[in-house]
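I have placed the structure first, in the form of structure tokens, so that the comments after it can refer back to it.
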Amino acid sequence: MAIVAALMIQFVQMLLVVALAPLLLGLVRKVKARLMRRRGASLIQPYRDLLRLMRKQVVLADNASWLFRVAPYLIFAATWVAAALVPTFATGLHFSWTADLIAIVALLGSARFFLALAGMDVGTSFGGIGSSREMMISSLAEPAMMLTVFSLALVAGSTQLSTVAEYMASPAVGLRVSLGMALVALVIVALAENARIPVDNPSTHLELTMVHEAMVLEYSGRHLAMIEIAAALKLLLYISLIGCIFLPWGLVNSDSGAGLSAYLVAMALYGGKLALGGVVLAIFETSIAKMRVFRVPNFIGVALMLSLLGTLLLFVSRSL
Amino acid sequence: MAAVDVSVLLAACLLVLGPLAVVLQRQPWLSAVVYAVAALLCAGFALVGLVALAGPASGSALVLPIGLPWIGAHLRLDLLSSFFLVVLGLGGSITSLYAIGYGRHEHAPLRVLAFYPPFLGAMALVLLADDAYTFLLSWEVMSLLSWALVLTHHREEDTRTAGYVYLVMAGFGTMALLLAFGLLAGADGGYGFDAMRGAVRSPLIVAVVLGLMLLGAGSKAGLAPLHVWLPLAHPAAPSHVSALMSGVMTKVALYGFIRVVFDLLGPLEWWAAPVVIFLGAATAVLGILLAMMETDIKRALAYSTIENIGVIFAALGLALAFRANGLTAAAALAFSAALFHIFNHMAFKSLLFMGAGAVLNATGLRDLDRLGGLIHRMPVTAFLMLVGVLAISALPPLNGFASEWLLFQAVLMSPGIPQSGLQLMIPAAGGGLALAAALAAAAFVRIYGVGFLGRARSDAAGSAVEVDRFSLTAMGILAAICVLAGIFPGVVLDAMAPVVQAVIGGRLPVQANESLFTIVPIAEARSSYNGFLVFIFVAFCASAASWAVHRFASRQLRRAPAWDCGFPDASTMTQYSAGGMAQPLRRVLGSTLLAARERVEMPEPGDRRPARLVVRVADLVWQVIYLPISGLVGAVATRMDRLQFLTIRLYLSLVFGLLILLLIGLMLWQ
């Protein structure tokens, strides 16, 4: 019986992330629009977009190979699995030991790898521009992420996200300089990985500065829907990740045999964290301009340096 | 018959097979038969190695009455040798299988056939050697035979240069090894490995031996700054030999390093570790950055070999650091990561070189900028190459990720080390390794994206046809190994555990006890990874999503010209080129690390020449180390030239003067 319950909770989390991801995107867009004194589209517009895309016919470039057609599903699946393994409302889920933080980052790397390959498959210049820039950004963002993981693992003694989250919620942590640095670094990495302003602009199209959009330019119909939902899931993943590490309160330990009400409260709290993350992101994006591509390395370099400094500080003194 | 007898017999058969091929040269079936026999003999190595892995730690020994008269040749197959024998056997047999098909296209097959089987045999003898003389002799035979193989296409200018550089570096490497073994043997001349293990040495001797091993084994493996010959020589050979050199011979070099540094030198102090870790991490970053800039597909693969060797050396350095501080569990973790990566690299690098060979066969091209669209023309090769690039880019759920994951777990064990210098260095090195892993993904997106995807950039690429069945089978086996080792890493780790136990004195927890093939290096609360479940989940989610979308939403599809923002250009040259793909990273990292420079050559107004963008990338190691040295050697040689044209009286007085000088020196010494 216990295993059925555990599987149920894992399943609920899996459905929850995929159900909430478009809503989060809608919220960010809505808040951004309001901040610019526009009314903005409805909160559920992303769902409508996705549904319409799903129903549309796919227009496939003549030269597209099987890789181009398989990639959207693989990208979606890898991102979904990664998002389902980050603690959202509960820790110690049934499959949480499948992948630790390093493996989750690497799973996102797999999704990106396929996306970059798909960008090059049709053989257009825009696809290549997107792929080459995406790989440039990711090859700087990934080490920054990894060094952040090192700092967290040094503090918590684990790379297992459930353990990290539980440790961060315990009073043993306290305020630490290194964790502050890790937070800033993680936020920068999250902005870069999700193609948000100032690294990339998710609402532009037909611009020479675009990165993510350039890669998916040839996609249409259900394939595009898969990629869009994967992008939304990735944004949700990063906000959940920052939430479960730096705002670890209110997570239920699923081994503790908590009742349904505890889970509902935790879910509501998780919704609150997501909303907070979305609003902060919208405010940040409205108040800053996009950088040109070759300033992005400096921006991510800040994350790299901060995360390295954070790690080194921990070696200087365990309490910093 | 003991395991060692069988393996020596197999090695002897391989050594004889080469000359035999020369004797039978006129036969049309010769090439296929020689490769098939070599494949069977190598499969024998793999089997013997696997059996010996389950056997006793000290293995089996054999003394042959050949070699130096008062020593004879000592051979032994212990656990460490067995592991590497499995790597050699698997790599060698699959490469030989590939060569049955690939070798048919060789213009002068005997140039390869005469040296190929003995090369495999010599590598096996290096692994089996149990005294310094046998080791060095086999090592040198291995070097020379591989040199002969590199020179297969000796009429090409590049190949001759590569052969020359390789010969110089190989000679230098063997000299370093000779000195290292001389110091290990000590004044009494105990050339057997058993005698060396027991000897007591001063820290100075230990440091010098470590340095010489880094020079000797490092130069063969491709450790920076001794890597310069590797990107020249490995690609110059026929592709199956390239696969063997990159996939297997570098591992034999690593075996030499591990044998001496972990086994013969005895327990080392902690100061040995930072050098190895630093060189490893620097090699990894430098190698993959150079791979990112290279447009020749085989050369890019050779640079990526340098990166992987760096990763392995970093892992070995971590193992040294942990072992010196008595942290056996962490040392076992780092050492397991190194061995696992050695195995994995054999699999995916051989696969990639075979794929490059298939492309070379089908199109006659190695230049990425003239390839493209091969996924349409060579679907099976393209699929197998995709597995290879995913594996080497350390992406889950394939095997490259499993070993890199273990390595990062080992890096995270560094707080246990008391020395603050190492403590600060290991996370920084970990950051370097993470950078190298991320750059590897970028480099292989570029190689695969430009080479196999998009549209064909030349007629040769547009009319390529799929390669033969033997080649595809060989690549298929390697791809399967990559997938299986990634999904069931615990099985490989358990198989390697006795080796780790023998070398480090501790091992990882038994992975077979974990549920559903999870790997748990230290404890489950600390970290765990389950490649099997990740694979199942991703496969399930992808198929479920695909099924649901096709069932409930839409399954219509229409082909149309590419959109490309409304301005599709028919010319295939408008696609991103290999150089264009590398441009962002060249600007960000290359301008300092590789002295990359871009210059626009704009013709005068009225001049009808096209404008050009000239890009220059240099491996700074050449400029900083090698060119000054070769300049110095040249200058000294010019000066010494005069000594050739003296009169006999002057020669006699020179000899006399030197004699006096030496006698005075001897007097002062006493």
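A note on labels: chains of the structure tokens are A, B, ... as shown, every chain counts residues from 1, and ligands are counted from 1 in their shown order.
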
With a distance threshold of 7 Å and counting only C-alpha atoms, extract the residues of chain B near chain A and express them as an MDAnalysis selection string.
-> chainID B and resid 376 395:396 412 423:424 431 434:435 438:439 442 445 449 453:455 525:530 533:534 537:538 541:542 545:546 553:554 556:565 574:576 581 584:585 588

Selection: 6 Å around segment 125-131 of chain B, only C-alpha atoms, excl. self and same-chain fewer than 2 positions, as a ChimeraX atom specification = /B:74-77,81,122-123,133-135,138-139,191-193

Atoms to include: all heavy atoms. Write the selected residues as a short mmCIF file (atom, residue, chain, number, x, y, z; two decimals), in the first residue's frame.
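Printed below is result.cif as written:
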data_model
loop_
_atom_site.label_atom_id
_atom_site.label_comp_id
_atom_site.auth_asym_id
_atom_site.auth_seq_id
_atom_site.Cartn_x
_atom_site.Cartn_y
_atom_site.Cartn_z
N HIS B 74 60.31 -11.93 -17.94
CA HIS B 74 59.27 -12.22 -16.94
C HIS B 74 57.95 -11.69 -17.44
O HIS B 74 57.87 -10.54 -17.86
CB HIS B 74 59.58 -11.55 -15.61
CG HIS B 74 60.81 -12.08 -14.96
ND1 HIS B 74 60.75 -12.94 -13.90
CD2 HIS B 74 62.10 -11.91 -15.25
CE1 HIS B 74 61.98 -13.26 -13.54
NE2 HIS B 74 62.82 -12.64 -14.35
N LEU B 75 56.93 -12.52 -17.39
CA LEU B 75 55.60 -12.07 -17.80
C LEU B 75 54.62 -12.43 -16.71
O LEU B 75 54.77 -13.45 -16.03
CB LEU B 75 55.20 -12.74 -19.11
CG LEU B 75 56.15 -12.41 -20.27
CD1 LEU B 75 56.28 -13.58 -21.19
CD2 LEU B 75 55.69 -11.18 -21.00
N ARG B 76 53.64 -11.56 -16.52
CA ARG B 76 52.65 -11.83 -15.48
C ARG B 76 51.32 -11.22 -15.89
O ARG B 76 51.28 -10.13 -16.47
CB ARG B 76 53.10 -11.21 -14.16
CG ARG B 76 52.11 -11.43 -13.01
CD ARG B 76 52.54 -10.69 -11.77
NE ARG B 76 53.75 -11.22 -11.19
CZ ARG B 76 53.79 -12.27 -10.38
NH1 ARG B 76 52.68 -12.90 -10.06
NH2 ARG B 76 54.92 -12.70 -9.90
N LEU B 77 50.26 -11.92 -15.61
CA LEU B 77 48.92 -11.38 -15.87
C LEU B 77 48.23 -11.21 -14.53
O LEU B 77 47.62 -12.13 -14.01
CB LEU B 77 48.12 -12.33 -16.77
CG LEU B 77 46.77 -11.80 -17.23
CD1 LEU B 77 46.95 -10.67 -18.21
CD2 LEU B 77 45.94 -12.89 -17.86
N SER B 81 46.69 -5.80 -15.20
CA SER B 81 46.95 -6.18 -16.60
C SER B 81 45.69 -6.77 -17.22
O SER B 81 45.40 -6.50 -18.39
CB SER B 81 48.06 -7.22 -16.68
OG SER B 81 49.19 -6.76 -16.02
N ALA B 122 52.32 -6.52 -29.72
CA ALA B 122 53.27 -5.76 -28.91
C ALA B 122 52.56 -5.04 -27.77
O ALA B 122 53.06 -4.98 -26.64
CB ALA B 122 54.02 -4.77 -29.79
N MET B 123 51.37 -4.51 -28.06
CA MET B 123 50.62 -3.84 -26.98
C MET B 123 50.29 -4.82 -25.88
O MET B 123 50.38 -4.51 -24.69
CB MET B 123 49.35 -3.20 -27.55
CG MET B 123 49.62 -1.97 -28.37
SD MET B 123 48.18 -0.93 -28.56
CE MET B 123 47.27 -1.83 -29.79
N TYR B 133 63.01 -4.75 -18.65
CA TYR B 133 63.55 -4.97 -19.98
C TYR B 133 62.44 -5.36 -20.96
O TYR B 133 62.31 -4.78 -22.04
CB TYR B 133 64.63 -6.06 -19.92
CG TYR B 133 65.23 -6.35 -21.25
CD1 TYR B 133 66.16 -5.48 -21.81
CD2 TYR B 133 64.86 -7.47 -21.97
CE1 TYR B 133 66.70 -5.72 -23.05
CE2 TYR B 133 65.40 -7.72 -23.21
CZ TYR B 133 66.32 -6.85 -23.74
OH TYR B 133 66.84 -7.10 -24.97
N THR B 134 61.62 -6.35 -20.56
CA THR B 134 60.53 -6.77 -21.43
C THR B 134 59.57 -5.63 -21.70
O THR B 134 59.11 -5.42 -22.83
CB THR B 134 59.75 -7.94 -20.77
OG1 THR B 134 60.69 -8.85 -20.24
CG2 THR B 134 58.86 -8.63 -21.74
N PHE B 135 59.29 -4.87 -20.64
CA PHE B 135 58.36 -3.74 -20.78
C PHE B 135 58.87 -2.75 -21.81
O PHE B 135 58.16 -2.38 -22.75
CB PHE B 135 58.19 -3.06 -19.42
CG PHE B 135 57.18 -1.94 -19.43
CD1 PHE B 135 55.86 -2.18 -19.12
CD2 PHE B 135 57.56 -0.64 -19.75
CE1 PHE B 135 54.93 -1.15 -19.13
CE2 PHE B 135 56.64 0.38 -19.76
CZ PHE B 135 55.33 0.13 -19.45
N SER B 138 58.94 -4.18 -25.44
CA SER B 138 57.61 -4.25 -26.04
C SER B 138 57.12 -2.84 -26.35
O SER B 138 56.51 -2.60 -27.40
CB SER B 138 56.61 -4.92 -25.11
OG SER B 138 57.20 -5.99 -24.46
N TRP B 139 57.37 -1.93 -25.42
CA TRP B 139 56.94 -0.53 -25.60
C TRP B 139 57.53 0.04 -26.88
O TRP B 139 56.85 0.69 -27.69
CB TRP B 139 57.36 0.27 -24.38
CG TRP B 139 56.95 1.71 -24.39
CD1 TRP B 139 57.55 2.72 -25.05
CD2 TRP B 139 55.84 2.28 -23.69
NE1 TRP B 139 56.89 3.89 -24.82
CE2 TRP B 139 55.85 3.66 -23.98
CE3 TRP B 139 54.86 1.77 -22.83
CZ2 TRP B 139 54.91 4.54 -23.44
CZ3 TRP B 139 53.94 2.64 -22.31
CH2 TRP B 139 53.96 4.00 -22.60
N TYR B 191 65.80 -5.55 -12.03
CA TYR B 191 64.93 -5.15 -13.12
C TYR B 191 63.56 -5.80 -13.09
O TYR B 191 62.68 -5.41 -13.83
CB TYR B 191 65.61 -5.42 -14.47
CG TYR B 191 66.71 -4.44 -14.73
CD1 TYR B 191 68.04 -4.80 -14.60
CD2 TYR B 191 66.40 -3.12 -15.07
CE1 TYR B 191 69.04 -3.89 -14.81
CE2 TYR B 191 67.40 -2.21 -15.27
CZ TYR B 191 68.73 -2.60 -15.15
OH TYR B 191 69.70 -1.68 -15.34
N GLY B 192 63.37 -6.79 -12.24
CA GLY B 192 62.06 -7.39 -12.11
C GLY B 192 61.13 -6.45 -11.37
O GLY B 192 61.55 -5.69 -10.49
N PHE B 193 59.84 -6.46 -11.72
CA PHE B 193 58.90 -5.57 -11.05
C PHE B 193 58.78 -5.92 -9.56
O PHE B 193 58.56 -5.05 -8.73
CB PHE B 193 57.53 -5.65 -11.74
CG PHE B 193 57.48 -4.88 -13.04
CD1 PHE B 193 56.33 -4.92 -13.82
CD2 PHE B 193 58.55 -4.11 -13.47
CE1 PHE B 193 56.27 -4.21 -15.02
CE2 PHE B 193 58.50 -3.41 -14.66
CZ PHE B 193 57.35 -3.47 -15.43
#

Point-to-point distance from atom CA of Leu318 of chain B to atom CA of Leu333 of chain B, Å rounded to tenths =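 For atom CA of Leu318 of chain B relative to atom CA of Leu333 of chain B, the distance reads 9.3 Å.
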
If you count only C-alpha atoms, which residues fall within 10 Å of segment 251-256 of chain A, apart from same-chain ones fewer than 5 positions away, as an NGL selection string?
-> :A and (2 or 5-6 or 9-10 or 87-94 or 162 or 165-166 or 169 or 244 or 262-267 or 269-270)

Just N, CA and C atoms for this one: save the residues we selected as a compact mmCIF listing (two decimals), in the first residue's frame.
# COMPACT_ATOMS: atom_id res chain seq x y z
N ALA A 2 1.92 1.17 0.82
CA ALA A 2 2.79 2.34 0.92
C ALA A 2 3.41 2.66 -0.43
N ALA A 5 1.04 4.50 -2.65
CA ALA A 5 0.95 5.91 -2.27
C ALA A 5 2.18 6.66 -2.77
N ALA A 6 3.35 6.06 -2.60
CA ALA A 6 4.59 6.73 -3.02
C ALA A 6 4.58 6.96 -4.52
N ILE A 9 2.25 9.81 -5.38
CA ILE A 9 2.79 11.14 -5.15
C ILE A 9 3.75 11.52 -6.26
N GLN A 10 4.59 10.55 -6.66
CA GLN A 10 5.52 10.82 -7.74
C GLN A 10 4.76 11.17 -9.02
N PRO A 87 12.54 18.36 -6.33
CA PRO A 87 11.47 18.42 -5.33
C PRO A 87 10.64 19.69 -5.53
N THR A 88 9.34 19.53 -5.67
CA THR A 88 8.49 20.71 -5.80
C THR A 88 7.74 20.94 -4.48
N PHE A 89 6.84 20.04 -4.14
CA PHE A 89 6.11 20.21 -2.88
C PHE A 89 6.52 19.17 -1.85
N ALA A 90 7.24 18.14 -2.27
CA ALA A 90 7.62 17.09 -1.32
C ALA A 90 9.04 16.64 -1.59
N THR A 91 9.71 16.18 -0.55
CA THR A 91 11.05 15.62 -0.72
C THR A 91 10.98 14.11 -0.55
N GLY A 92 12.04 13.44 -0.95
CA GLY A 92 12.12 12.00 -0.75
C GLY A 92 11.08 11.24 -1.55
N LEU A 93 10.78 11.72 -2.75
CA LEU A 93 9.81 11.01 -3.58
C LEU A 93 10.37 9.65 -3.99
N HIS A 94 9.46 8.80 -4.52
CA HIS A 94 9.84 7.41 -4.74
C HIS A 94 11.03 7.26 -5.67
N SER A 162 16.81 16.00 -2.58
CA SER A 162 15.97 15.87 -1.41
C SER A 162 16.76 16.12 -0.13
N ALA A 165 17.66 19.81 0.12
CA ALA A 165 16.52 20.64 0.52
C ALA A 165 16.25 20.48 2.01
N GLU A 166 16.30 19.23 2.50
CA GLU A 166 16.04 19.01 3.92
C GLU A 166 17.11 19.68 4.78
N ALA A 169 16.60 23.38 4.97
CA ALA A 169 15.48 23.79 5.82
C ALA A 169 15.83 23.69 7.29
N CYS A 244 13.48 25.14 -4.01
CA CYS A 244 13.70 24.05 -3.05
C CYS A 244 15.04 24.18 -2.35
N ALA A 262 -1.66 17.91 4.48
CA ALA A 262 -0.29 18.42 4.48
C ALA A 262 0.20 18.60 3.05
N TYR A 263 -0.14 17.62 2.19
CA TYR A 263 0.29 17.72 0.80
C TYR A 263 -0.37 18.90 0.11
N LEU A 264 -1.67 19.11 0.39
CA LEU A 264 -2.37 20.20 -0.26
C LEU A 264 -1.77 21.54 0.15
N VAL A 265 -1.47 21.68 1.45
CA VAL A 265 -0.84 22.91 1.92
C VAL A 265 0.50 23.12 1.22
N ALA A 266 1.28 22.03 1.13
CA ALA A 266 2.60 22.12 0.50
C ALA A 266 2.46 22.53 -0.96
N MET A 267 1.44 21.98 -1.62
CA MET A 267 1.24 22.32 -3.03
C MET A 267 0.87 23.78 -3.18
N LEU A 269 1.69 26.13 -1.21
CA LEU A 269 2.92 26.89 -0.93
C LEU A 269 3.83 26.88 -2.15
N TYR A 270 3.89 25.72 -2.80
CA TYR A 270 4.73 25.61 -4.00
C TYR A 270 4.21 26.54 -5.08

Nearest residue to Leu276 of chain A from the set A:Gly243, A:Pro171, A:Pro198, A:Gly40 (distances using only C-alpha atoms) |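 Closest residue, counting only C-alpha atoms: A:Gly243.
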
What separates atom CA of Ala190 of chain A and atom CA of Leu23 of chain A is a distance of 18.5 Å

Do a neighbour search on segment 618-633 of chain B at 7 Å with only C-alpha atoms, toss out local chain neighbours closer than 5 positions, and write the hits as a list in words.
-> Pro225, Leu594, Ala595 and Ala596 of chain B

From segment 50-274 of chain A, collect each residue whose DSSP state is strand (DSSP E or B) and return the set as a list in words.
->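 For segment 50-274 of chain A, the strand (DSSP E or B) set is Val58, Val59, Leu60, Ala61, Ala90, Thr91, Val252 and Asn253 of chain A.
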
Could you write out that same residue set with N, CA and C atoms as a PDB file, in the first residue's frame?
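Writing the result to result-v5.pdb gives the following:
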ATOM      1  N   VAL A  58       1.727  19.735 -39.511  1.00  0.00           N
ATOM      2  CA  VAL A  58       3.156  20.054 -39.474  1.00  0.00           C
ATOM      3  C   VAL A  58       3.626  20.356 -40.892  1.00  0.00           C
ATOM      4  N   VAL A  59       4.327  21.480 -41.053  1.00  0.00           N
ATOM      5  CA  VAL A  59       4.962  21.758 -42.342  1.00  0.00           C
ATOM      6  C   VAL A  59       6.444  21.490 -42.160  1.00  0.00           C
ATOM      7  N   LEU A  60       6.905  20.449 -42.833  1.00  0.00           N
ATOM      8  CA  LEU A  60       8.266  19.988 -42.603  1.00  0.00           C
ATOM      9  C   LEU A  60       9.131  20.380 -43.794  1.00  0.00           C
ATOM     10  N   ALA A  61      10.325  20.898 -43.494  1.00  0.00           N
ATOM     11  CA  ALA A  61      11.222  21.278 -44.586  1.00  0.00           C
ATOM     12  C   ALA A  61      11.602  20.040 -45.388  1.00  0.00           C
ATOM     13  N   ALA A  90       7.244  18.142  -2.272  1.00  0.00           N
ATOM     14  CA  ALA A  90       7.618  17.093  -1.324  1.00  0.00           C
ATOM     15  C   ALA A  90       9.043  16.641  -1.593  1.00  0.00           C
ATOM     16  N   THR A  91       9.714  16.178  -0.547  1.00  0.00           N
ATOM     17  CA  THR A  91      11.050  15.622  -0.721  1.00  0.00           C
ATOM     18  C   THR A  91      10.977  14.111  -0.550  1.00  0.00           C
ATOM     19  N   VAL A 252       7.022  18.784   2.150  1.00  0.00           N
ATOM     20  CA  VAL A 252       6.619  17.620   2.945  1.00  0.00           C
ATOM     21  C   VAL A 252       7.614  16.501   2.689  1.00  0.00           C
ATOM     22  N   ASN A 253       8.020  15.809   3.741  1.00  0.00           N
ATOM     23  CA  ASN A 253       8.832  14.619   3.534  1.00  0.00           C
ATOM     24  C   ASN A 253       7.888  13.451   3.303  1.00  0.00           C
TER      25      ASN A 253
END
